[in-house]
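Structure below is final-v3.tsv: TSV, C-alpha atoms.
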chain	number	residue	atom	x	y	z
A	284	MET	CA	0.00	0.00	0.00
A	285	GLN	CA	1.33	3.39	-0.92
A	286	ARG	CA	2.35	5.93	1.66
A	287	MET	CA	-0.63	7.98	2.71
A	288	ALA	CA	-0.83	11.58	3.83
A	289	SER	CA	-3.70	13.82	4.84
A	290	LEU	CA	-6.16	10.93	5.16
A	291	LEU	CA	-7.49	12.27	8.43
A	292	VAL	CA	-8.77	15.41	6.69
A	293	GLY	CA	-11.53	13.44	5.04
A	294	VAL	CA	-12.22	11.39	8.14
A	295	LEU	CA	-12.55	14.40	10.40
A	296	THR	CA	-14.92	15.94	7.89
A	297	ALA	CA	-17.25	12.99	8.29
A	298	TRP	CA	-16.77	12.73	12.06
A	299	LEU	CA	-16.81	16.40	12.98
A	300	GLY	CA	-19.23	17.50	10.29
A	301	ALA	CA	-17.79	20.98	9.82
A	302	ALA	CA	-14.37	20.99	8.15
A	303	GLN	CA	-14.13	21.03	4.34
A	304	ALA	CA	-12.35	17.98	2.89
A	305	GLN	CA	-9.24	18.49	0.81
A	306	VAL	CA	-8.40	16.43	-2.25
A	307	PRO	CA	-6.16	13.55	-1.09
A	308	ASP	CA	-2.80	13.02	-2.77
A	309	TYR	CA	-2.74	9.25	-2.25
A	310	ILE	CA	-4.51	6.20	-3.71
A	311	ILE	CA	-5.46	2.97	-2.00
A	312	GLN	CA	-5.98	0.04	-4.37
A	313	LEU	CA	-7.66	-2.31	-1.88
A	314	ASN	CA	-11.26	-1.14	-2.28
A	315	ALA	CA	-14.70	-2.73	-2.62
A	316	ALA	CA	-14.05	-5.74	-0.39
A	317	PRO	CA	-16.73	-8.46	-0.81
A	318	LEU	CA	-18.33	-10.36	2.03
A	319	LYS	CA	-15.55	-12.43	3.57
A	320	ALA	CA	-14.94	-14.61	6.60
A	321	ARG	CA	-11.70	-15.38	8.33
A	322	ALA	CA	-10.30	-18.91	8.01
A	323	ALA	CA	-10.96	-21.29	10.88
A	324	ALA	CA	-8.29	-21.54	13.57
A	325	SER	CA	-6.01	-24.54	13.87
A	326	ALA	CA	-7.38	-27.59	15.62
A	327	PRO	CA	-6.78	-27.50	19.39
A	328	HIS	CA	-3.99	-29.62	20.83
A	329	THR	CA	-5.32	-32.74	22.59
A	330	VAL	CA	-3.61	-34.14	25.68
A	331	ALA	CA	-3.72	-37.93	26.04
A	332	ALA	CA	-5.79	-39.24	28.94
A	333	PRO	CA	-4.28	-41.65	31.49
A	334	ALA	CA	-4.36	-45.31	30.46
A	335	GLY	CA	-7.62	-47.06	31.14
A	336	LYS	CA	-9.72	-43.88	31.12
A	337	PRO	CA	-11.77	-42.92	28.09
A	338	VAL	CA	-11.07	-39.64	26.39
A	339	VAL	CA	-14.05	-37.34	26.67
A	340	ALA	CA	-13.80	-34.54	24.16
A	341	PRO	CA	-15.15	-31.25	25.46
A	342	ALA	CA	-18.04	-29.82	23.54
A	343	PRO	CA	-16.70	-27.30	21.05
A	344	ARG	CA	-17.53	-23.73	21.91
A	345	ALA	CA	-18.78	-21.84	18.90
A	346	LYS	CA	-16.84	-18.72	18.06
A	347	PRO	CA	-18.83	-15.51	17.91
A	348	ARG	CA	-19.40	-14.08	14.45
A	349	ILE	CA	-18.51	-10.41	14.12
A	350	GLY	CA	-20.00	-8.52	11.19
A	351	VAL	CA	-18.08	-5.47	9.97
A	352	LEU	CA	-19.86	-2.77	7.94
A	353	LEU	CA	-17.50	-0.20	6.42
A	354	PRO	CA	-17.75	2.15	3.40
A	355	LEU	CA	-14.94	0.39	1.55
A	356	GLY	CA	-16.27	1.45	-1.84
A	357	SER	CA	-16.73	5.11	-0.95
A	358	ALA	CA	-14.68	7.60	-2.97
A	359	ARG	CA	-14.50	9.87	0.07
A	360	LEU	CA	-14.05	7.41	2.93
A	361	GLY	CA	-12.95	4.18	1.27
A	362	ASP	CA	-9.31	4.71	2.17
A	363	ALA	CA	-10.13	5.39	5.82
A	364	ALA	CA	-12.41	2.36	5.94
A	365	GLU	CA	-9.66	0.18	4.49
A	366	VAL	CA	-7.24	1.15	7.26
A	367	VAL	CA	-9.87	0.45	9.93
A	368	ARG	CA	-10.52	-2.93	8.31
A	369	GLN	CA	-6.82	-3.78	8.41
A	370	GLY	CA	-6.73	-3.00	12.14
A	371	ILE	CA	-9.76	-5.19	12.81
A	372	GLU	CA	-8.37	-8.12	10.86
A	373	ALA	CA	-4.90	-7.74	12.39
A	374	ALA	CA	-6.41	-8.02	15.88
A	375	ALA	CA	-8.57	-10.96	14.83
A	376	ALA	CA	-5.53	-12.78	13.44
A	377	VAL	CA	-3.69	-12.37	16.74
A	378	ASP	CA	-6.55	-13.31	19.05
A	379	GLY	CA	-8.30	-15.93	16.91
A	380	LYS	CA	-11.39	-15.78	19.12
A	381	ALA	CA	-14.02	-14.85	16.54
A	382	ASP	CA	-14.97	-15.23	12.90
A	383	VAL	CA	-14.92	-11.83	11.21
A	384	VAL	CA	-17.18	-11.12	8.24
A	385	VAL	CA	-16.44	-7.89	6.35
A	386	GLU	CA	-19.10	-6.22	4.22
A	387	ALA	CA	-18.70	-3.13	2.04
A	388	ALA	CA	-21.60	-0.90	3.06
A	389	ASP	CA	-22.11	2.69	1.92
A	390	GLU	CA	-24.69	5.09	3.28
A	391	ASP	CA	-27.20	4.22	0.53
A	392	ASN	CA	-27.20	0.49	1.29
A	393	VAL	CA	-25.96	0.19	4.87
A	394	ALA	CA	-29.42	-0.57	6.28
A	395	ALA	CA	-29.91	-3.46	3.85
A	396	ARG	CA	-26.41	-4.77	4.53
A	397	TYR	CA	-27.04	-4.58	8.27
A	398	GLN	CA	-30.21	-6.64	7.92
A	399	ALA	CA	-28.36	-9.15	5.75
A	400	ALA	CA	-25.68	-9.48	8.44
A	401	LEU	CA	-28.35	-10.19	11.05
A	402	ALA	CA	-29.92	-12.80	8.78
A	403	ALA	CA	-26.50	-14.42	8.37
A	404	GLY	CA	-26.32	-14.92	12.13
A	405	VAL	CA	-23.73	-12.42	13.33
A	406	ASN	CA	-23.52	-12.00	17.10
A	407	VAL	CA	-22.18	-8.45	17.06
A	408	VAL	CA	-21.63	-5.73	14.45
A	409	ILE	CA	-18.79	-3.22	14.08
A	410	GLY	CA	-19.88	-0.10	12.18
A	411	PRO	CA	-21.14	1.97	10.50
A	412	LEU	CA	-18.40	4.58	10.21
A	413	THR	CA	-20.48	7.66	9.37
A	414	ARG	CA	-23.17	9.44	11.33
A	415	PRO	CA	-25.78	9.11	8.54
A	416	GLY	CA	-24.98	5.40	8.40
A	417	ILE	CA	-25.50	5.07	12.15
A	418	ALA	CA	-28.84	6.87	11.91
A	419	ALA	CA	-29.90	4.46	9.15
A	420	VAL	CA	-29.22	1.28	11.14
A	421	ALA	CA	-30.22	2.54	14.60
A	422	PRO	CA	-33.89	1.46	14.29
A	423	LEU	CA	-32.75	-1.99	13.10
A	424	VAL	CA	-30.32	-2.83	15.91
A	425	LYS	CA	-31.04	-6.23	17.45
A	426	VAL	CA	-27.52	-7.41	18.38
A	427	PRO	CA	-24.72	-5.43	20.08
A	428	THR	CA	-23.56	-2.90	17.51
A	429	LEU	CA	-20.41	-0.80	17.92
A	430	ALA	CA	-20.63	2.33	15.78
A	431	LEU	CA	-17.31	3.95	14.88
A	432	ASN	CA	-18.54	7.50	15.23
A	433	ALA	CA	-20.25	9.65	17.81
A	434	LEU	CA	-23.98	9.11	18.30
A	435	ASP	CA	-25.99	12.15	17.27
A	436	PRO	CA	-28.58	13.35	19.82
A	437	GLY	CA	-31.36	12.55	17.36
A	438	VAL	CA	-30.44	8.87	17.07
A	439	PRO	CA	-33.07	6.76	18.88
A	440	ALA	CA	-31.78	5.29	22.12
A	441	ASN	CA	-31.09	1.57	21.93
A	442	PRO	CA	-29.47	-0.45	24.72
A	443	LYS	CA	-27.55	-2.50	22.14
A	444	LEU	CA	-26.13	0.45	20.17
A	445	TYR	CA	-22.67	1.59	21.34
A	446	SER	CA	-20.10	4.06	20.06
A	447	LEU	CA	-16.31	4.19	19.87
A	448	ALA	CA	-14.95	7.29	18.15
A	449	LEU	CA	-11.74	9.31	18.01
A	450	VAL	CA	-13.48	12.58	18.76
A	451	VAL	CA	-11.27	15.57	19.53
A	452	GLU	CA	-13.75	16.99	22.03
A	453	GLY	CA	-12.86	14.22	24.46
A	454	GLU	CA	-9.19	15.19	24.32
A	455	ALA	CA	-9.95	18.85	25.01
A	456	GLN	CA	-12.09	17.87	27.98
A	457	GLN	CA	-9.33	15.67	29.36
A	458	ILE	CA	-6.81	18.51	29.00
A	459	ALA	CA	-9.14	20.82	30.93
A	460	GLY	CA	-9.39	18.27	33.72
A	461	MET	CA	-5.63	17.75	33.82
A	462	MET	CA	-4.93	21.47	34.01
A	463	TYR	CA	-7.45	21.89	36.80
A	464	ASP	CA	-5.99	18.95	38.72
A	465	ASP	CA	-2.52	20.47	38.26
A	466	GLY	CA	-3.71	23.53	40.15
A	467	ARG	CA	-4.06	25.87	37.18
A	468	ARG	CA	-6.78	28.45	37.66
A	469	ASN	CA	-6.07	31.12	35.02
A	470	PRO	CA	-5.61	29.30	31.72
A	471	LEU	CA	-4.97	30.99	28.41
A	472	LEU	CA	-6.60	29.34	25.41
A	473	VAL	CA	-5.04	30.00	22.00
A	474	ALA	CA	-7.34	29.21	19.08
A	475	SER	CA	-7.62	29.71	15.34
A	476	GLN	CA	-10.67	30.16	13.15
A	477	ASP	CA	-10.87	26.68	11.64
A	478	ALA	CA	-13.64	24.24	12.56
A	479	LEU	CA	-11.42	21.81	14.46
A	480	SER	CA	-10.01	24.55	16.68
A	481	ALA	CA	-13.52	25.82	17.36
A	482	ARG	CA	-14.60	22.40	18.58
A	483	LEU	CA	-11.54	22.07	20.81
A	484	ARG	CA	-12.19	25.51	22.24
A	485	LYS	CA	-15.87	24.83	22.94
A	486	ALA	CA	-15.20	21.46	24.60
A	487	PHE	CA	-12.40	22.86	26.77
A	488	VAL	CA	-14.42	25.85	27.96
A	489	GLU	CA	-17.47	23.74	28.78
A	490	ARG	CA	-15.43	21.26	30.78
A	491	TRP	CA	-13.42	23.98	32.53
A	492	GLN	CA	-16.53	25.82	33.64
A	493	GLY	CA	-18.11	22.52	34.67
A	494	LEU	CA	-15.19	22.03	37.06
A	495	GLY	CA	-15.91	25.40	38.64
A	496	GLY	CA	-13.26	27.40	36.82
A	497	LYS	CA	-13.87	30.91	35.59
A	498	SER	CA	-14.08	31.58	31.88
A	499	PRO	CA	-10.59	31.19	30.41
A	500	ARG	CA	-8.95	34.03	28.55
A	501	VAL	CA	-9.05	33.32	24.78
A	502	VAL	CA	-6.71	34.70	22.12
A	503	GLU	CA	-7.56	34.09	18.47
A	504	LEU	CA	-4.55	34.03	16.21
A	505	ALA	CA	-6.26	35.78	13.31
A	506	GLY	CA	-5.35	39.42	13.62
A	507	ALA	CA	-3.81	39.06	17.07
A	508	ALA	CA	-0.67	41.12	17.51
A	509	PRO	CA	2.31	39.52	19.30
A	510	ALA	CA	1.87	42.06	22.08
A	511	THR	CA	-1.69	40.84	22.63
A	512	LEU	CA	-0.50	37.26	23.06
A	513	SER	CA	2.31	38.30	25.39
A	514	ALA	CA	-0.03	40.37	27.55
A	515	ALA	CA	-2.53	37.53	27.82
A	516	ALA	CA	0.21	35.04	28.67
A	517	ALA	CA	1.48	37.30	31.44
A	518	GLN	CA	-1.88	37.00	33.18
A	519	GLY	CA	-2.19	33.22	32.81
A	520	ASP	CA	-0.69	30.32	34.71
A	521	ALA	CA	-0.92	27.83	31.81
A	522	VAL	CA	-1.88	27.72	28.14
A	523	PHE	CA	-3.89	25.31	26.00
A	524	LEU	CA	-2.92	25.28	22.33
A	525	ALA	CA	-6.11	24.53	20.40
A	526	VAL	CA	-4.27	24.93	17.09
A	527	ASP	CA	-2.40	22.71	14.63
A	528	ASP	CA	1.32	22.00	14.78
A	529	SER	CA	2.34	24.68	12.27
A	530	GLU	CA	0.56	27.40	14.24
A	531	ALA	CA	1.56	25.98	17.61
A	532	ALA	CA	5.29	26.29	16.95
A	533	ALA	CA	5.02	30.01	16.30
A	534	VAL	CA	2.81	30.55	19.33
A	535	LYS	CA	5.10	28.59	21.64
A	536	GLN	CA	8.07	30.74	20.68
A	537	ALA	CA	6.14	33.84	21.70
A	538	LEU	CA	5.24	32.44	25.13
A	539	PRO	CA	7.36	32.59	28.29
A	540	ALA	CA	9.58	29.51	28.40
A	541	ASP	CA	8.40	28.58	31.90
A	542	LEU	CA	4.66	28.82	31.15
A	543	PRO	CA	3.14	25.29	31.31
A	544	THR	CA	1.74	24.49	27.87
A	545	TYR	CA	-0.77	21.73	27.05
A	546	ALA	CA	-2.01	20.31	23.75
A	547	THR	CA	-3.97	17.45	22.20
A	548	SER	CA	-2.68	14.66	19.99
A	549	GLN	CA	-2.74	16.85	16.90
A	550	LEU	CA	0.67	18.23	17.94
A	551	ASN	CA	2.20	14.76	18.16
A	552	SER	CA	4.29	13.95	15.10
A	553	ARG	CA	7.28	11.76	14.39
A	554	HIS	CA	9.51	14.83	14.00
A	555	PRO	CA	8.10	17.66	16.14
A	556	PRO	CA	9.81	21.04	15.77
A	557	ALA	CA	12.20	22.05	18.52
A	558	ALA	CA	9.98	25.04	19.25
A	559	LEU	CA	7.45	22.64	20.81
A	560	ASN	CA	9.87	21.27	23.41
A	561	ASN	CA	8.29	20.96	26.86
A	562	VAL	CA	4.73	20.95	25.52
A	563	ARG	CA	2.60	18.48	27.48
A	564	LEU	CA	0.33	16.51	25.19
A	565	ILE	CA	-1.93	13.49	25.32
A	566	ASP	CA	-2.20	10.76	22.73
A	567	MET	CA	-3.19	7.11	22.47
A	568	PRO	CA	-1.01	4.39	24.04
A	569	TRP	CA	-0.38	3.06	20.52
A	570	PHE	CA	2.11	5.93	20.14
A	571	LEU	CA	3.06	6.96	23.67
A	572	LEU	CA	3.36	3.52	25.29
A	573	PRO	CA	4.82	1.20	22.61
A	574	GLN	CA	6.09	-1.25	25.26
A	575	HIS	CA	2.72	-1.56	26.97
A	576	GLU	CA	1.53	-5.18	26.95
A	577	ALA	CA	-1.71	-4.41	25.12
A	578	VAL	CA	0.19	-2.44	22.46
A	579	ARG	CA	3.02	-4.94	21.91
A	580	ARG	CA	0.50	-7.73	21.35
A	581	TYR	CA	-0.62	-6.41	17.96
A	582	PRO	CA	1.43	-5.86	14.79
A	583	ARG	CA	2.14	-2.48	13.29
A	584	PRO	CA	0.59	-1.73	9.88
A	585	GLU	CA	2.29	-3.41	6.95
A	586	GLY	CA	2.32	-0.24	4.88
A	587	ALA	CA	3.81	3.13	5.79
A	588	LEU	CA	1.12	5.39	7.25
A	589	THR	CA	1.09	8.87	8.66
A	590	MET	CA	0.48	9.04	12.40
A	591	GLN	CA	-2.94	10.51	11.72
A	592	THR	CA	-3.88	7.59	9.50
A	593	GLU	CA	-2.37	5.02	11.84
A	594	ARG	CA	-4.83	6.13	14.51
A	595	LEU	CA	-7.55	4.56	12.36
A	596	TYR	CA	-5.65	1.28	12.35
A	597	ALA	CA	-5.50	1.38	16.15
A	598	LEU	CA	-9.21	2.18	16.20
A	599	GLY	CA	-9.84	-1.03	14.26
A	600	ILE	CA	-7.85	-3.05	16.81
A	601	ASP	CA	-9.85	-1.76	19.76
A	602	ALA	CA	-13.13	-2.07	17.85
A	603	TYR	CA	-12.47	-5.79	17.45
A	604	ARG	CA	-11.49	-6.19	21.11
A	605	LEU	CA	-14.62	-4.40	22.29
A	606	ALA	CA	-16.73	-6.49	19.92
A	607	LEU	CA	-15.46	-9.60	21.68
A	608	LEU	CA	-16.60	-8.18	25.01
A	609	LEU	CA	-19.98	-7.19	23.59
A	610	ALA	CA	-20.45	-10.67	22.12
A	611	ASN	CA	-20.48	-12.13	25.63
A	612	PRO	CA	-24.16	-12.42	26.61
A	613	LYS	CA	-23.18	-12.31	30.29
A	614	ALA	CA	-21.33	-9.00	29.97
A	615	SER	CA	-22.72	-6.17	32.07
A	616	PRO	CA	-22.57	-2.62	30.66
A	617	ALA	CA	-21.08	-1.47	33.96
A	618	SER	CA	-18.16	-3.87	33.43
A	619	LEU	CA	-17.39	-2.85	29.86
A	620	ARG	CA	-13.91	-1.46	30.19
A	621	LEU	CA	-10.81	-2.06	28.09
A	622	ASP	CA	-7.13	-1.27	28.48
A	623	GLY	CA	-7.03	-0.31	24.83
A	624	VAL	CA	-4.40	0.75	22.32
A	625	THR	CA	-6.44	3.92	21.70
A	626	GLY	CA	-6.79	4.71	25.39
A	627	ASP	CA	-8.33	3.48	28.61
A	628	LEU	CA	-11.86	2.79	27.37
A	629	GLN	CA	-14.89	2.91	29.62
A	630	LEU	CA	-18.57	2.87	28.70
A	631	GLY	CA	-20.49	5.98	29.65
A	632	ARG	CA	-24.16	6.27	30.50
A	633	ASP	CA	-24.82	7.45	26.96
A	634	ARG	CA	-23.50	4.13	25.57
A	635	GLN	CA	-20.45	5.90	24.17
A	636	PHE	CA	-16.97	4.77	25.17
A	637	THR	CA	-14.77	7.48	26.64
A	638	ARG	CA	-11.01	7.42	26.09
A	639	GLN	CA	-8.56	8.40	28.82
A	640	LEU	CA	-5.18	9.08	27.23
A	641	PRO	CA	-1.66	9.02	28.69
A	642	LEU	CA	0.44	12.17	28.96
A	643	ALA	CA	3.86	12.83	27.46
A	644	VAL	CA	6.19	15.81	27.20
A	645	LEU	CA	7.86	16.78	23.95
A	646	GLY	CA	11.62	17.04	24.27
A	647	ALA	CA	14.81	17.27	22.27
A	648	ASP	CA	15.09	13.46	22.32
A	649	GLY	CA	11.46	12.85	21.49
A	650	LEU	CA	8.62	12.08	23.86
A	651	GLN	CA	9.44	11.89	27.55
Full structure transcribed into structure tokens:
Amino acid sequence: MQRMASLLVGVLTAWLGAAQAQVPDYIIQLNAAPLKARAAASAPHTVAAPAGKPVVAPAPRAKPRIGVLLPLGSARLGDAAEVVRQGIEAAAAVDGKADVVVEAADEDNVAARYQAALAAGVNVVIGPLTRPGIAAVAPLVKVPTLALNALDPGVPANPKLYSLALVVEGEAQQIAGMMYDDGRRNPLLVASQDALSARLRKAFVERWQGLGGKSPRVVELAGAAPATLSAAAAQGDAVFLAVDDSEAAAVKQALPADLPTYATSQLNSRHPPAALNNVRLIDMPWFLLPQHEAVRRYPRPEGALTMQTERLYALGIDAYRLALLLANPKASPASLRLDGVTGDLQLGRDRQFTRQLPLAVLGADGLQ
């Protein structure tokens, strides 16, 4: 598979619903996957019984069947869906605890494909990937279904419909909580005018005020003079950079060196600029904790991916692992928790899994 760049632009457009997609400069050839099932696992090893005692074979335990509905044939999201599929199948190959059936399902046929999956006897479904797709299948849900996007407020409540999504709002809320726990009380929030920054800003402010903090001081980069930023920083005890990495580097250079600076995963790259040294950021264990047992268990992607795109691969891994938990008829919603490669996952009251991410500090020698 060719090297991919900027894939997350299209994905965030679908997930966040506000940003305008850019034309991708990559091509994925593996599209339009047909219905497929994973090969059966090797026969279990049998231990000989003591002489004179008959061998009683245990009754075979049927593997759960996991249906996967992804827009593999979509011109806009097919590449993203392919990476998610690779993550799901990589996890399934390692664990070997379920039969995975992959179905290409776009928004115009996802409801029919969902019903076909139910008729085929799947025990749990992963997908859809888009919010319109989720809305289409929500009234049809009869088995545990893990949507890979946030659930819109208008989607009918269903006790078997769950959500796992890489939403940026959750990261901004976690940063607000971390800053508050660190004793910060006068944060400065630096934002830009793009849609992603606006969502980070809104989520941070709502969480900060929910914790009892006063409204943070906000500086918008558009039209802001350096003196304005310096004056605002002088009155703050920490700063949250709700901007991308290119903007963040310039902002960081204008801030006092000893001012604690926080950011989300969008500032994490394989070669961060030196100007971002000492920035505290959060990201998924897949990147920050490569030696963690849950991370080491699963293979890295076969093809070269950007970090943004590789997050979708990790999403596929955790989607499969959660599907295994959901396939257990004895599982209690209160017990649905996973030490995941995308974060510490816990089911909320709204049936959406929250992600708690580890913290790292950017330094001259990489993440610390």
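Taking atom CA of Ala602 of chain A and atom CA of Leu429 of chain A as endpoints, the distance between them is 7.4 Å.
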Residues within 10 Å of (-2.3, 1.9, 22.7), counting all atoms listed in the file, listed as a ChimeraX atom specification: /A:566-579,581,594,597-598,600-601,622-627,640-641
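Distances to Gly379 of chain A were evaluated for A:Leu607, A:Leu504, A:Leu412, A:Ala402 using only C-alpha atoms, and the minimum falls at A:Leu607.
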Within 12 Å of segment 509-511 of chain A, counting only C-alpha atoms, which residues qualify if same-chain residues fewer than 3 places away don't, as a ChimeraX atom specification? /A:471,473,500-506,514-518,533-538
Quick one: which segment 522-558 of chain A residues come within 9 Å of segment 480-498 of chain A, and what is the nearest atom pair for each with the distance in Å to one decimal, counting all atoms listed in the file, rows ordered by chain and ascending number, as JSON lines?
{"residue": "A:Phe523", "atom": "CA", "partner": "A:Phe487", "partner_atom": "CA", "distance": 8.9}
{"residue": "A:Ala525", "atom": "CA", "partner": "A:Ser480", "partner_atom": "CA", "distance": 5.4}
{"residue": "A:Val526", "atom": "CA", "partner": "A:Ser480", "partner_atom": "CA", "distance": 5.8}
{"residue": "A:Asp527", "atom": "CA", "partner": "A:Ser480", "partner_atom": "CA", "distance": 8.1}
{"residue": "A:Thr547", "atom": "CA", "partner": "A:Leu483", "partner_atom": "CA", "distance": 9.0}
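Relative to atom CA of Ala617 of chain A, atom CA of Leu630 of chain A is found at 7.3 Å.
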Taking 6 positions as the minimum chain separation for residues in the same chain, which residues sit within 10 Å of Gln398 of chain A when counting all atoms listed in the file? Answer as number ranges by chain. A: 420, 423-425
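Every protein or nucleic acid residue with an atom no more than 12 Å from Ala614 of chain A, counting all atoms listed in the file and leaving out same-chain residues fewer than 5 positions away, appears here: Pro427, Lys443, Leu605, Ala606, Leu607, Leu608, Leu609, Leu619 and Arg620 of chain A.
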Quick one: residues within 7 Å of Phe636 of chain A, all atoms listed in the file, excluding same-chain residues fewer than 6 positions away - as a PyMOL selection string? chain A and resi 446-447+628-630
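Atom CA of Asp382 of chain A is found 19.1 Å from atom CA of Ala364 of chain A.
The shortest atom-to-atom distance to Val562 of chain A, with all atoms listed in the file taken into account, belongs to A:Ala531 out of A:Ala531, A:Val438, A:Val426, A:Val407.
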Show me as a list of chain:residue names the residues that reach within 9 Å of (-18.3, 0.1, 1.6), counting only C-alpha atoms and using the file's own coordinates. A:Asn314, A:Ala315, A:Ala316, A:Leu352, A:Leu353, A:Pro354, A:Leu355, A:Gly356, A:Ser357, A:Leu360, A:Gly361, A:Ala364, A:Glu386, A:Ala387, A:Ala388, A:Asp389, A:Glu390, A:Asn392, A:Val393
Convert the current residue selection to file output with C-alpha atoms, as a PDB file, in the coordinates of the input.
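Output file selection26.pdb is given in full below:
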ATOM      1  CA  ASN A 314     -11.260  -1.140  -2.280  1.00  0.00           C
ATOM      2  CA  ALA A 315     -14.700  -2.730  -2.620  1.00  0.00           C
ATOM      3  CA  ALA A 316     -14.050  -5.740  -0.390  1.00  0.00           C
ATOM      4  CA  LEU A 352     -19.860  -2.770   7.940  1.00  0.00           C
ATOM      5  CA  LEU A 353     -17.500  -0.200   6.420  1.00  0.00           C
ATOM      6  CA  PRO A 354     -17.750   2.150   3.400  1.00  0.00           C
ATOM      7  CA  LEU A 355     -14.940   0.390   1.550  1.00  0.00           C
ATOM      8  CA  GLY A 356     -16.270   1.450  -1.840  1.00  0.00           C
ATOM      9  CA  SER A 357     -16.730   5.110  -0.950  1.00  0.00           C
ATOM     10  CA  LEU A 360     -14.050   7.410   2.930  1.00  0.00           C
ATOM     11  CA  GLY A 361     -12.950   4.180   1.270  1.00  0.00           C
ATOM     12  CA  ALA A 364     -12.410   2.360   5.940  1.00  0.00           C
ATOM     13  CA  GLU A 386     -19.100  -6.220   4.220  1.00  0.00           C
ATOM     14  CA  ALA A 387     -18.700  -3.130   2.040  1.00  0.00           C
ATOM     15  CA  ALA A 388     -21.600  -0.900   3.060  1.00  0.00           C
ATOM     16  CA  ASP A 389     -22.110   2.690   1.920  1.00  0.00           C
ATOM     17  CA  GLU A 390     -24.690   5.090   3.280  1.00  0.00           C
ATOM     18  CA  ASN A 392     -27.200   0.490   1.290  1.00  0.00           C
ATOM     19  CA  VAL A 393     -25.960   0.190   4.870  1.00  0.00           C
TER      20      VAL A 393
END
I want to know what sits within 10 Å of Val377 of chain A, based on all atoms listed in the file, with residues of the same chain fewer than 2 positions away left out; could you give that as a ChimeraX atom specification? /A:372-375,379-380,580-582
Which residue is closest to Ala521 of chain A? Choose from A:Lys346, A:Arg632, A:Arg563, A:Arg414 and count only C-alpha atoms. A:Arg563
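Closest approach to Asp378 of chain A from the set A:Gly646, A:Leu524, A:Tyr603, A:Pro422 is made by A:Tyr603, with distances taken over all atoms listed in the file.
Checking A:Ala610, A:Ala540, A:Ile349, A:Leu595 one by one against Val450 of chain A, counting all atoms listed in the file, you find the shortest gap at A:Leu595.
Proximity ranking of A:Asn469, A:Ala474, A:Ile565, A:Leu621 relative to Pro499 of chain A places A:Asn469 first, based on all atoms listed in the file.
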